[in-house]
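Next comes my_file_4.tsv, with TSV, C-alpha atoms.
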chain	number	residue	atom	x	y	z
A	1169	MET	CA	139.29	-73.35	-3.90
A	1170	ARG	CA	135.79	-71.97	-4.52
A	1171	ILE	CA	135.35	-68.45	-5.83
A	1172	SER	CA	131.84	-67.03	-5.97
A	1173	LEU	CA	131.02	-64.78	-8.91
A	1174	LEU	CA	128.16	-62.34	-8.25
A	1175	ALA	CA	126.84	-60.54	-11.31
A	1176	THR	CA	125.04	-57.20	-11.15
A	1177	GLY	CA	124.97	-56.07	-14.79
A	1178	GLY	CA	127.04	-53.30	-16.34
A	1179	THR	CA	128.97	-53.08	-19.60
A	1180	ILE	CA	130.75	-56.37	-18.95
A	1181	SER	CA	127.34	-58.10	-19.26
A	1182	THR	CA	125.89	-56.19	-22.20
A	1183	GLN	CA	124.78	-57.20	-25.66
A	1184	ARG	CA	124.11	-54.81	-28.52
A	1185	GLY	CA	120.56	-54.33	-29.69
A	1186	ALA	CA	118.49	-51.87	-31.65
A	1187	ASP	CA	118.50	-49.48	-28.69
A	1188	GLY	CA	122.21	-49.85	-27.95
A	1189	ALA	CA	124.07	-52.03	-25.47
A	1190	THR	CA	122.09	-53.15	-22.41
A	1191	PRO	CA	122.81	-55.71	-19.65
A	1192	ALA	CA	121.91	-59.19	-20.87
A	1193	LEU	CA	124.55	-61.75	-19.88
A	1194	GLY	CA	124.11	-63.54	-16.56
A	1195	ALA	CA	126.68	-64.80	-14.09
A	1196	GLN	CA	126.99	-68.21	-15.72
A	1197	ALA	CA	127.79	-66.70	-19.10
A	1198	LEU	CA	130.35	-64.36	-17.56
A	1199	ALA	CA	132.00	-67.17	-15.62
A	1200	ALA	CA	132.50	-69.01	-18.90
A	1201	THR	CA	134.48	-66.05	-20.32
A	1202	ALA	CA	136.95	-65.86	-17.45
A	1203	ARG	CA	140.41	-67.00	-18.44
A	1204	ALA	CA	141.35	-68.09	-14.94
A	1205	GLY	CA	143.96	-70.77	-14.39
A	1206	GLY	CA	144.36	-73.37	-11.65
A	1207	ALA	CA	142.97	-76.86	-11.67
A	1208	ASP	CA	141.82	-76.50	-8.06
A	1209	LEU	CA	139.85	-73.31	-8.77
A	1210	VAL	CA	136.07	-73.63	-8.99
A	1211	VAL	CA	133.99	-70.57	-9.93
A	1212	THR	CA	130.32	-70.65	-8.96
A	1213	ALA	CA	127.96	-68.08	-10.44
A	1214	ARG	CA	125.01	-66.15	-9.02
A	1215	ASP	CA	122.94	-63.30	-10.40
A	1216	VAL	CA	122.16	-60.59	-7.85
A	1217	LEU	CA	121.10	-57.72	-10.12
A	1218	ARG	CA	121.01	-56.98	-13.84
A	1219	LEU	CA	121.30	-53.22	-14.07
A	1220	SER	CA	123.31	-50.51	-15.71
A	1221	SER	CA	125.31	-49.10	-12.82
A	1222	ARG	CA	123.76	-45.67	-13.29
A	1223	ASN	CA	120.63	-47.25	-11.79
A	1224	VAL	CA	122.32	-48.87	-8.78
A	1225	THR	CA	121.00	-47.38	-5.53
A	1226	PRO	CA	122.25	-47.56	-1.93
A	1227	ALA	CA	119.45	-50.05	-1.26
A	1228	ALA	CA	120.82	-52.24	-4.08
A	1229	MET	CA	124.28	-51.91	-2.55
A	1230	TRP	CA	122.86	-53.18	0.74
A	1231	ASP	CA	121.28	-56.17	-1.05
A	1232	LEU	CA	124.62	-56.90	-2.71
A	1233	ALA	CA	126.42	-56.67	0.63
A	1234	CYS	CA	123.98	-59.21	2.06
A	1235	ALA	CA	124.63	-61.51	-0.91
A	1236	VAL	CA	128.39	-61.24	-0.38
A	1237	GLU	CA	127.98	-62.14	3.30
A	1238	GLU	CA	125.81	-65.12	2.33
A	1239	GLU	CA	128.45	-66.41	-0.08
A	1240	ILE	CA	131.18	-66.07	2.53
A	1241	GLN	CA	129.08	-67.85	5.15
A	1242	GLY	CA	128.31	-70.53	2.57
A	1243	GLY	CA	131.98	-71.40	2.17
A	1244	ALA	CA	133.23	-69.19	-0.66
A	1245	GLU	CA	136.96	-68.58	-0.29
A	1246	GLY	CA	136.82	-65.47	-2.43
A	1247	VAL	CA	134.08	-63.31	-3.97
A	1248	VAL	CA	134.17	-61.50	-7.32
A	1249	ILE	CA	131.50	-58.94	-8.25
A	1250	THR	CA	130.93	-57.82	-11.83
A	1251	HIS	CA	129.50	-54.30	-11.97
A	1252	GLY	CA	129.08	-51.34	-14.28
A	1253	THR	CA	131.92	-48.85	-14.08
A	1254	ASP	CA	129.86	-45.65	-13.62
A	1255	THR	CA	129.22	-46.27	-9.91
A	1256	LEU	CA	131.70	-49.08	-9.28
A	1257	GLU	CA	133.78	-46.95	-6.91
A	1258	GLU	CA	130.67	-46.18	-4.83
A	1259	THR	CA	129.53	-49.79	-4.58
A	1260	ALA	CA	133.04	-50.92	-3.64
A	1261	TYR	CA	133.14	-48.37	-0.82
A	1262	ALA	CA	129.65	-49.32	0.36
A	1263	LEU	CA	130.85	-52.92	0.60
A	1264	ALA	CA	133.86	-51.70	2.60
A	1265	LEU	CA	131.43	-50.11	5.06
A	1266	LEU	CA	129.11	-53.10	5.30
A	1267	VAL	CA	130.89	-56.43	4.73
A	1268	ARG	CA	133.07	-58.51	7.05
A	1269	THR	CA	135.79	-59.51	4.61
A	1270	SER	CA	137.13	-62.74	6.02
A	1271	VAL	CA	137.94	-63.67	2.40
A	1272	PRO	CA	139.02	-61.45	-0.53
A	1273	VAL	CA	136.17	-59.43	-2.06
A	1274	VAL	CA	136.88	-58.00	-5.51
A	1275	ALA	CA	134.82	-55.79	-7.82
A	1276	THR	CA	135.50	-55.45	-11.52
A	1277	GLY	CA	133.84	-54.42	-14.77
A	1278	ALA	CA	134.57	-53.46	-18.36
A	1279	MET	CA	134.68	-50.41	-20.58
A	1280	ARG	CA	134.10	-52.15	-23.91
A	1281	VAL	CA	130.95	-54.00	-24.87
A	1282	PRO	CA	131.48	-57.76	-25.32
A	1283	GLY	CA	132.34	-58.54	-28.91
A	1284	SER	CA	134.05	-55.18	-29.46
A	1285	ALA	CA	137.61	-55.10	-30.74
A	1286	GLY	CA	139.91	-55.44	-27.74
A	1287	GLU	CA	137.10	-56.12	-25.26
A	1288	ASP	CA	138.46	-55.90	-21.75
A	1289	GLY	CA	135.87	-57.81	-19.73
A	1290	PRO	CA	137.41	-61.31	-19.82
A	1291	ALA	CA	140.88	-60.07	-18.86
A	1292	ASN	CA	139.51	-57.91	-16.03
A	1293	LEU	CA	137.45	-60.83	-14.75
A	1294	ALA	CA	140.42	-63.20	-14.86
A	1295	ALA	CA	142.53	-60.66	-12.93
A	1296	ALA	CA	139.76	-60.20	-10.37
A	1297	ILE	CA	139.55	-63.96	-9.84
A	1298	ALA	CA	143.33	-64.08	-9.35
A	1299	VAL	CA	143.05	-61.50	-6.57
A	1300	ALA	CA	140.03	-63.24	-5.03
A	1301	ALA	CA	142.06	-66.46	-4.95
A	1302	THR	CA	144.88	-64.78	-2.98
A	1303	PRO	CA	143.95	-65.08	0.73
A	1304	ARG	CA	146.08	-62.19	1.98
A	1305	PHE	CA	143.86	-59.71	0.14
A	1306	ALA	CA	141.03	-60.45	2.59
A	1307	ALA	CA	142.72	-58.00	4.96
A	1308	TYR	CA	142.55	-55.21	2.37
A	1309	GLY	CA	138.75	-55.06	2.42
A	1310	PRO	CA	136.85	-54.89	-0.87
A	1311	VAL	CA	139.08	-53.84	-3.76
A	1312	VAL	CA	138.56	-52.77	-7.36
A	1313	VAL	CA	140.56	-54.65	-10.00
A	1314	HIS	CA	140.76	-53.10	-13.46
A	1315	GLN	CA	143.44	-53.32	-16.16
A	1316	ASP	CA	145.57	-55.49	-13.85
A	1317	GLU	CA	145.68	-52.81	-11.13
A	1318	ILE	CA	144.34	-53.39	-7.61
A	1319	HIS	CA	142.73	-50.34	-5.99
A	1320	LEU	CA	141.52	-49.94	-2.41
A	1321	ALA	CA	137.83	-49.12	-2.11
A	1322	ARG	CA	138.63	-45.91	-0.22
A	1323	TRP	CA	140.76	-44.45	-3.01
A	1324	ALA	CA	139.43	-46.07	-6.21
A	1325	ALA	CA	137.94	-43.61	-8.69
A	1326	LYS	CA	136.82	-43.68	-12.29
A	1327	VAL	CA	139.24	-41.21	-13.81
A	1328	HIS	CA	138.31	-41.51	-17.51
A	1329	GLY	CA	134.95	-41.87	-19.19
A	1330	THR	CA	135.99	-43.89	-22.26
A	1331	ARG	CA	139.48	-45.39	-21.97
A	1332	VAL	CA	139.91	-49.01	-20.95
A	1333	ALA	CA	142.37	-47.84	-18.29
A	1334	ALA	CA	139.49	-46.06	-16.62
A	1335	PHE	CA	140.34	-46.47	-12.93
A	1336	GLY	CA	142.97	-45.02	-10.67
A	1337	SER	CA	143.62	-44.03	-7.09
A	1338	PRO	CA	144.64	-40.38	-7.49
A	1339	ALA	CA	145.46	-39.83	-3.83
A	1340	ALA	CA	147.45	-43.00	-3.19
A	1341	GLY	CA	148.11	-45.08	-6.31
A	1342	PRO	CA	147.22	-48.76	-6.74
A	1343	ALA	CA	147.64	-51.19	-3.87
A	1344	GLY	CA	149.02	-53.87	-6.16
A	1345	LEU	CA	149.15	-55.47	-9.58
A	1346	VAL	CA	148.19	-58.71	-11.25
A	1347	VAL	CA	151.19	-60.09	-13.14
A	1348	GLU	CA	151.12	-63.40	-15.01
A	1349	GLY	CA	148.00	-64.39	-13.09
A	1350	ARG	CA	149.56	-63.61	-9.70
A	1351	ALA	CA	148.22	-60.90	-7.38
A	1352	LEU	CA	151.07	-58.81	-5.96
A	1353	SER	CA	150.69	-56.20	-3.20
A	1354	PHE	CA	152.66	-52.96	-2.95
A	1355	PHE	CA	151.96	-52.25	0.72
A	1356	GLY	CA	150.28	-53.74	3.76
A	1357	PRO	CA	146.56	-53.80	4.55
A	1358	PRO	CA	144.93	-50.45	5.37
A	1359	PRO	CA	142.78	-49.72	8.43
A	1360	SER	CA	139.28	-51.13	8.09
A	1361	GLU	CA	136.51	-48.85	6.80
A	1362	ARG	CA	133.77	-51.11	8.12
A	1363	LEU	CA	131.03	-49.68	10.32
A	1364	LEU	CA	130.66	-51.32	13.73
A	1365	ARG	CA	127.01	-51.92	12.94
A	1366	ALA	CA	125.12	-51.76	9.69
A	1367	CYS	CA	121.57	-51.95	8.40
A	1368	ALA	CA	119.59	-51.19	5.26
A	1369	PRO	CA	119.66	-47.48	4.38
A	1370	ASP	CA	116.61	-45.56	5.57
A	1371	LYS	CA	117.91	-41.96	5.60
A	1372	ARG	CA	118.19	-39.35	2.86
A	1373	VAL	CA	121.59	-37.78	2.30
A	1374	GLU	CA	122.25	-35.41	-0.60
A	1375	LEU	CA	125.45	-34.11	-2.16
A	1376	ILE	CA	125.89	-30.41	-2.99
A	1377	TRP	CA	128.72	-29.41	-5.30
A	1378	ALA	CA	130.31	-26.01	-4.63
A	1379	VAL	CA	131.20	-23.92	-7.67
A	1380	ALA	CA	132.12	-20.30	-8.21
A	1381	GLY	CA	129.14	-18.19	-7.21
A	1382	SER	CA	127.22	-20.94	-5.36
A	1383	ASP	CA	124.57	-19.54	-3.06
A	1384	GLY	CA	122.27	-21.21	-0.54
A	1385	LEU	CA	119.27	-21.77	-2.82
A	1386	MET	CA	119.55	-25.56	-3.10
A	1387	VAL	CA	120.49	-26.09	0.53
A	1388	ASP	CA	117.61	-24.01	1.82
A	1389	ALA	CA	115.21	-25.75	-0.58
A	1390	ILE	CA	115.99	-29.25	0.66
A	1391	ARG	CA	117.06	-28.60	4.26
A	1392	ASP	CA	113.79	-29.79	5.76
A	1393	ARG	CA	113.66	-32.90	3.55
A	1394	VAL	CA	117.04	-34.51	4.25
A	1395	ASP	CA	118.79	-36.15	7.17
A	1396	GLY	CA	122.26	-35.27	5.97
A	1397	LEU	CA	124.19	-33.19	3.47
A	1398	VAL	CA	127.68	-33.52	2.06
A	1399	VAL	CA	129.18	-30.46	0.41
A	1400	ALA	CA	131.96	-30.95	-2.12
A	1401	GLY	CA	133.90	-27.83	-1.26
A	1402	LEU	CA	136.51	-25.93	-3.22
A	1403	GLY	CA	140.18	-26.62	-2.62
A	1404	GLY	CA	140.88	-27.60	0.98
A	1405	GLY	CA	137.22	-27.39	1.99
A	1406	HIS	CA	135.94	-23.90	1.22
A	1407	VAL	CA	132.66	-22.57	-0.15
A	1408	PRO	CA	131.34	-19.15	-1.20
A	1409	ALA	CA	130.01	-17.13	1.73
A	1410	PRO	CA	126.30	-17.33	0.74
A	1411	LEU	CA	126.51	-21.13	0.52
A	1412	ALA	CA	128.35	-21.21	3.84
A	1413	GLU	CA	125.52	-19.32	5.51
A	1414	ALA	CA	122.97	-21.85	4.23
A	1415	LEU	CA	125.08	-24.81	5.35
A	1416	VAL	CA	125.42	-23.34	8.82
A	1417	ARG	CA	121.65	-22.82	8.95
A	1418	ALA	CA	121.15	-26.46	7.99
A	1419	ALA	CA	123.57	-27.69	10.66
A	1420	GLY	CA	121.79	-25.47	13.20
A	1421	ALA	CA	118.47	-27.06	12.21
A	1422	GLY	CA	119.77	-30.53	13.05
A	1423	VAL	CA	120.91	-31.71	9.61
A	1424	ALA	CA	124.19	-33.66	9.63
A	1425	VAL	CA	126.43	-31.60	7.35
A	1426	VAL	CA	129.79	-32.97	6.20
A	1427	LEU	CA	132.45	-30.88	4.48
A	1428	ALA	CA	134.53	-32.60	1.77
A	1429	SER	CA	136.84	-31.41	-0.99
A	1430	ARG	CA	135.97	-31.76	-4.67
A	1431	CYS	CA	139.65	-32.16	-5.63
A	1432	ALA	CA	140.79	-35.40	-7.26
A	1433	SER	CA	143.12	-35.93	-4.29
A	1434	PRO	CA	140.88	-34.49	-1.56
A	1435	GLN	CA	141.93	-33.21	1.85
A	1436	VAL	CA	139.94	-30.83	4.02
A	1437	LEU	CA	142.12	-28.38	5.93
A	1438	ARG	CA	141.50	-27.73	9.62
A	1439	ASP	CA	143.04	-24.45	10.72
A	1440	THR	CA	144.41	-22.33	7.89
A	1441	TYR	CA	141.79	-20.12	6.25
A	1442	GLY	CA	139.44	-17.83	8.11
A	1443	GLY	CA	136.48	-15.73	7.00
A	1444	ALA	CA	133.00	-16.79	5.92
A	1445	GLY	CA	133.23	-20.01	3.94
A	1446	GLY	CA	136.74	-20.90	5.08
A	1447	GLU	CA	137.28	-24.25	6.75
A	1448	ARG	CA	137.81	-22.64	10.17
A	1449	HIS	CA	134.41	-20.95	9.97
A	1450	LEU	CA	132.60	-24.03	8.67
A	1451	LEU	CA	134.06	-26.55	11.13
A	1452	ALA	CA	133.50	-24.17	14.06
A	1453	SER	CA	129.86	-23.75	12.97
A	1454	GLY	CA	128.82	-27.38	13.21
A	1455	LEU	CA	130.04	-28.94	9.97
A	1456	VAL	CA	132.07	-32.17	10.20
A	1457	SER	CA	135.20	-32.77	8.14
A	1458	ALA	CA	135.38	-35.65	5.67
A	1459	GLY	CA	139.17	-35.38	5.75
A	1460	ALA	CA	140.65	-37.20	2.75
A	1461	LEU	CA	137.44	-39.02	1.81
A	1462	SER	CA	135.92	-38.08	-1.54
A	1463	PRO	CA	132.48	-36.43	-1.56
A	1464	VAL	CA	130.68	-39.43	-3.10
A	1465	LYS	CA	132.17	-41.81	-0.54
A	1466	ALA	CA	131.56	-39.38	2.32
A	1467	ARG	CA	127.90	-39.41	1.26
A	1468	LEU	CA	127.76	-43.20	1.48
A	1469	ARG	CA	129.48	-43.23	4.85
A	1470	LEU	CA	127.03	-40.64	6.17
A	1471	LEU	CA	124.01	-42.40	4.64
A	1472	PHE	CA	124.75	-45.89	5.97
A	1473	GLY	CA	126.11	-44.51	9.23
A	1474	LEU	CA	123.08	-42.35	10.04
A	1475	SER	CA	120.85	-45.31	9.12
A	1476	ALA	CA	122.73	-47.40	11.70
A	1477	GLY	CA	122.34	-44.78	14.41
A	1478	PHE	CA	125.75	-43.08	14.34
A	1479	THR	CA	126.26	-39.33	14.44
A	1480	ALA	CA	128.30	-37.53	11.81
A	1481	ALA	CA	130.96	-36.75	14.41
A	1482	GLU	CA	131.27	-40.43	15.25
A	1483	LEU	CA	131.42	-41.46	11.62
A	1484	PHE	CA	134.19	-39.07	10.68
A	1485	ALA	CA	136.16	-38.93	13.93
A	1486	ALA	CA	139.17	-40.55	12.30
A	1487	GLU	CA	139.13	-37.96	9.50
A	1488	ALA	CA	139.18	-34.89	11.74

Spell out the structure here as structure tokens.
Amino acid sequence: MRISLLATGGTISTQRGADGATPALGAQALAATARAGGADLVVTARDVLRLSSRNVTPAAMWDLACAVEEEIQGGAEGVVITHGTDTLEETAYALALLVRTSVPVVATGAMRVPGSAGEDGPANLAAAIAVAATPRFAAYGPVVVHQDEIHLARWAAKVHGTRVAAFGSPAAGPAGLVVEGRALSFFGPPPSERLLRACAPDKRVELIWAVAGSDGLMVDAIRDRVDGLVVAGLGGGHVPAPLAEALVRAAGAGVAVVLASRCASPQVLRDTYGGAGGERHLLASGLVSAGALSPVKARLRLLFGLSAGFTAAELFAAEA
């Protein structure tokens, strides 16, 4: 069985220098650290990027998606991606939107710099390879594997900034575990997130975070410079009245405006709260609900979807 390892940088690839840890190790070096068993398992290595994940852009995610497709078409029976943890959840979801996963596609990373006491990169990589070598996980779409847990791209989130157990799925829990080198699933495959058509991103979509006292200053300032906006609303999808007025103005001006919840387990309500800034007012005024999708992933869905010619209503129809 051939597993393709695609390296993009991140902590798992770093080396310490005078200016701190920076990405330095390539795919071949990472492949050599993987403690993956199985005499019939061959891991091939390819460098796609060498970046800290704070510098990964949607355009880079598109390039990575193309590389994953190339590996699958070239005969890889599983694909593992090493990536920095800061934006790992976003890249995993972008891949879920863009890639036809006829084989398992697995993203992983590390929290500790190689050479540190208790470094976690080799174990995470070995677990990721175990999942990539388990054919049934192709149906799950791209997944995140970290600390032996398997997380769906839709729900995966970085929930701690320093601990090695940095990832979780607050709304749903992990989809499975890696135990003694075996990938075990807890439940069946989810519905596909993949867009019916995809292309390189060529739209601008920004994310506005609602907080107590938010007004419309930022929305009004950028309204004429963006194609879409996602607002991370309070609670079940609410915003202060002044911000609501600006969002409605933006929607009326033709901007695709999506309403999400900033909660760790998000869910936008549909028909409970009235008044300016309540979800009834916002959804009746042209905003589109992101449902249970997190704000950062709603932004990616809107960005890639608008670039492919979909409307916001089409993109989030299943979330309404």

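Shortest atom-to-atom contact with Cys1234 of chain A among A:Leu1266, A:Leu1256, A:Val1247, A:Ala1333: A:Leu1266, counting only C-alpha atoms.
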
Atom CA of Lys1326 of chain A to atom CA of Ala1275 of chain A, distance in Å rounded to a single decimal
13.1 Å

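Minimum atom-to-atom distances from A:Ala1227, A:Val1299, A:Ile1376, A:Ala1428 to Ser1353 of chain A were compared using all atoms listed in the file, and the lowest value belongs to A:Val1299.
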
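Closest approach to Thr1302 of chain A from the set A:Ala1486, A:Arg1331, A:Arg1170, A:Gly1178 is made by A:Arg1170, with distances taken over only C-alpha atoms.
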
Mind checking which residues fall within 7 Å of segment 1240-1244 of chain A, counting all atoms listed in the file, ignoring those fewer than 2 positions away in the same chain, and posting them as an NGL selection string?
:A and (1170-1172 or 1236-1238 or 1246-1247)

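For the atom pair formed by atom CA of Ala1175 of chain A and atom CA of Ala1195 of chain A, the distance is 5.1 Å, given to one decimal.
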
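Rounded to one decimal, atom CA of Gln1315 of chain A and atom CA of Val1248 of chain A lie 15.2 Å from each other.
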
With the cut-off set at 8 Å and counting all atoms listed in the file, tabulate each residue of segment 1214-1277 of chain A with an atom at most that distance from an atom of segment 1457-1465 of chain A, showing the nearest atom pair and its distance in Å to one decimal, ordered by chain and increasing number, as a Markdown table.
| residue | atom | partner | partner_atom | distance |
| --- | --- | --- | --- | --- |
| A:Glu1258 | CA | A:Lys1465 | CA | 6.3 |
| A:Tyr1261 | CA | A:Lys1465 | CA | 6.6 |
| A:Ala1262 | CA | A:Lys1465 | CA | 8.0 |

Output of the above residues as a PDB file, keeping the file's coordinate frame, restricted to C-alpha atoms:
ATOM      1  CA  GLU A1258     130.670 -46.180  -4.830  1.00  0.00           C
ATOM      2  CA  TYR A1261     133.140 -48.370  -0.820  1.00  0.00           C
ATOM      3  CA  ALA A1262     129.650 -49.320   0.360  1.00  0.00           C
TER       4      ALA A1262
END

Which residues are near segment 1391-1404 of chain A? Cut-off 8 Å, only C-alpha atoms, ignore same chain within fewer than 3 positions. Put them as an MDAnalysis selection string.
chainID A and resid 1371:1379 1387:1388 1407 1418 1423:1431 1434:1437 1447 1463 1466:1467 1470:1471

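The shortest atom-to-atom distance to Trp1230 of chain A, with all atoms listed in the file taken into account, belongs to A:Leu1265 out of A:Thr1179, A:Leu1265, A:Thr1440, A:Gly1454.
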
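Using all atoms listed in the file, the nearest neighbour of Met1279 of chain A within the list A:Ala1192, A:Val1346, A:Ala1199, A:Ile1180 is A:Ile1180.
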
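Taking all atoms listed in the file into account, Pro1369 of chain A lies nearest to A:Ala1476 out of the set A:Leu1193, A:Val1210, A:Ala1476, A:Asp1187.
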
List as a PyMOL selection string the protein and nucleic acid residues near Gly1473 of chain A, meaning an atom at most 9 Å away when all atoms listed in the file are counted, but skip any in the same chain fewer than 6 places from it.
chain A and resi 1265+1363+1365-1367+1369+1479-1480+1482-1483

Show me, as an MDAnalysis selection string, the residues that have an atom within 12 Å of Ser1284 of chain A when counting only C-alpha atoms, minus same-chain residues fewer than 5 positions from it.
chainID A and resid 1179:1180 1182:1184 1189 1278:1279 1289:1290

Counting only C-alpha atoms, which residues come within 12 Å of (139.5, -51.6, 0.6), with the point read in the file's coordinates, and could you list them as a PyMOL selection string?
chain A and resi 1257-1269+1272-1275+1305-1313+1318-1324+1337+1342-1344+1356-1362

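Distance cut-off 9 Å, centre (122.8, -24.6, 4.0), atoms counted all atoms listed in the file; the residues meeting this are Asp1383, Gly1384, Leu1385, Met1386, Val1387, Asp1388, Ala1389, Ile1390, Arg1391, Leu1397, Pro1410, Leu1411, Ala1412, Glu1413, Ala1414, Leu1415, Val1416, Arg1417, Ala1418, Ala1419 and Val1425 of chain A.
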
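The list of residues with at least one atom within 8 Å of Gln1196 of chain A, based on only C-alpha atoms and without residues fewer than 3 positions apart in the same chain, reads Ala1199, Ala1200, Thr1212, Ala1213 and Arg1214 of chain A.
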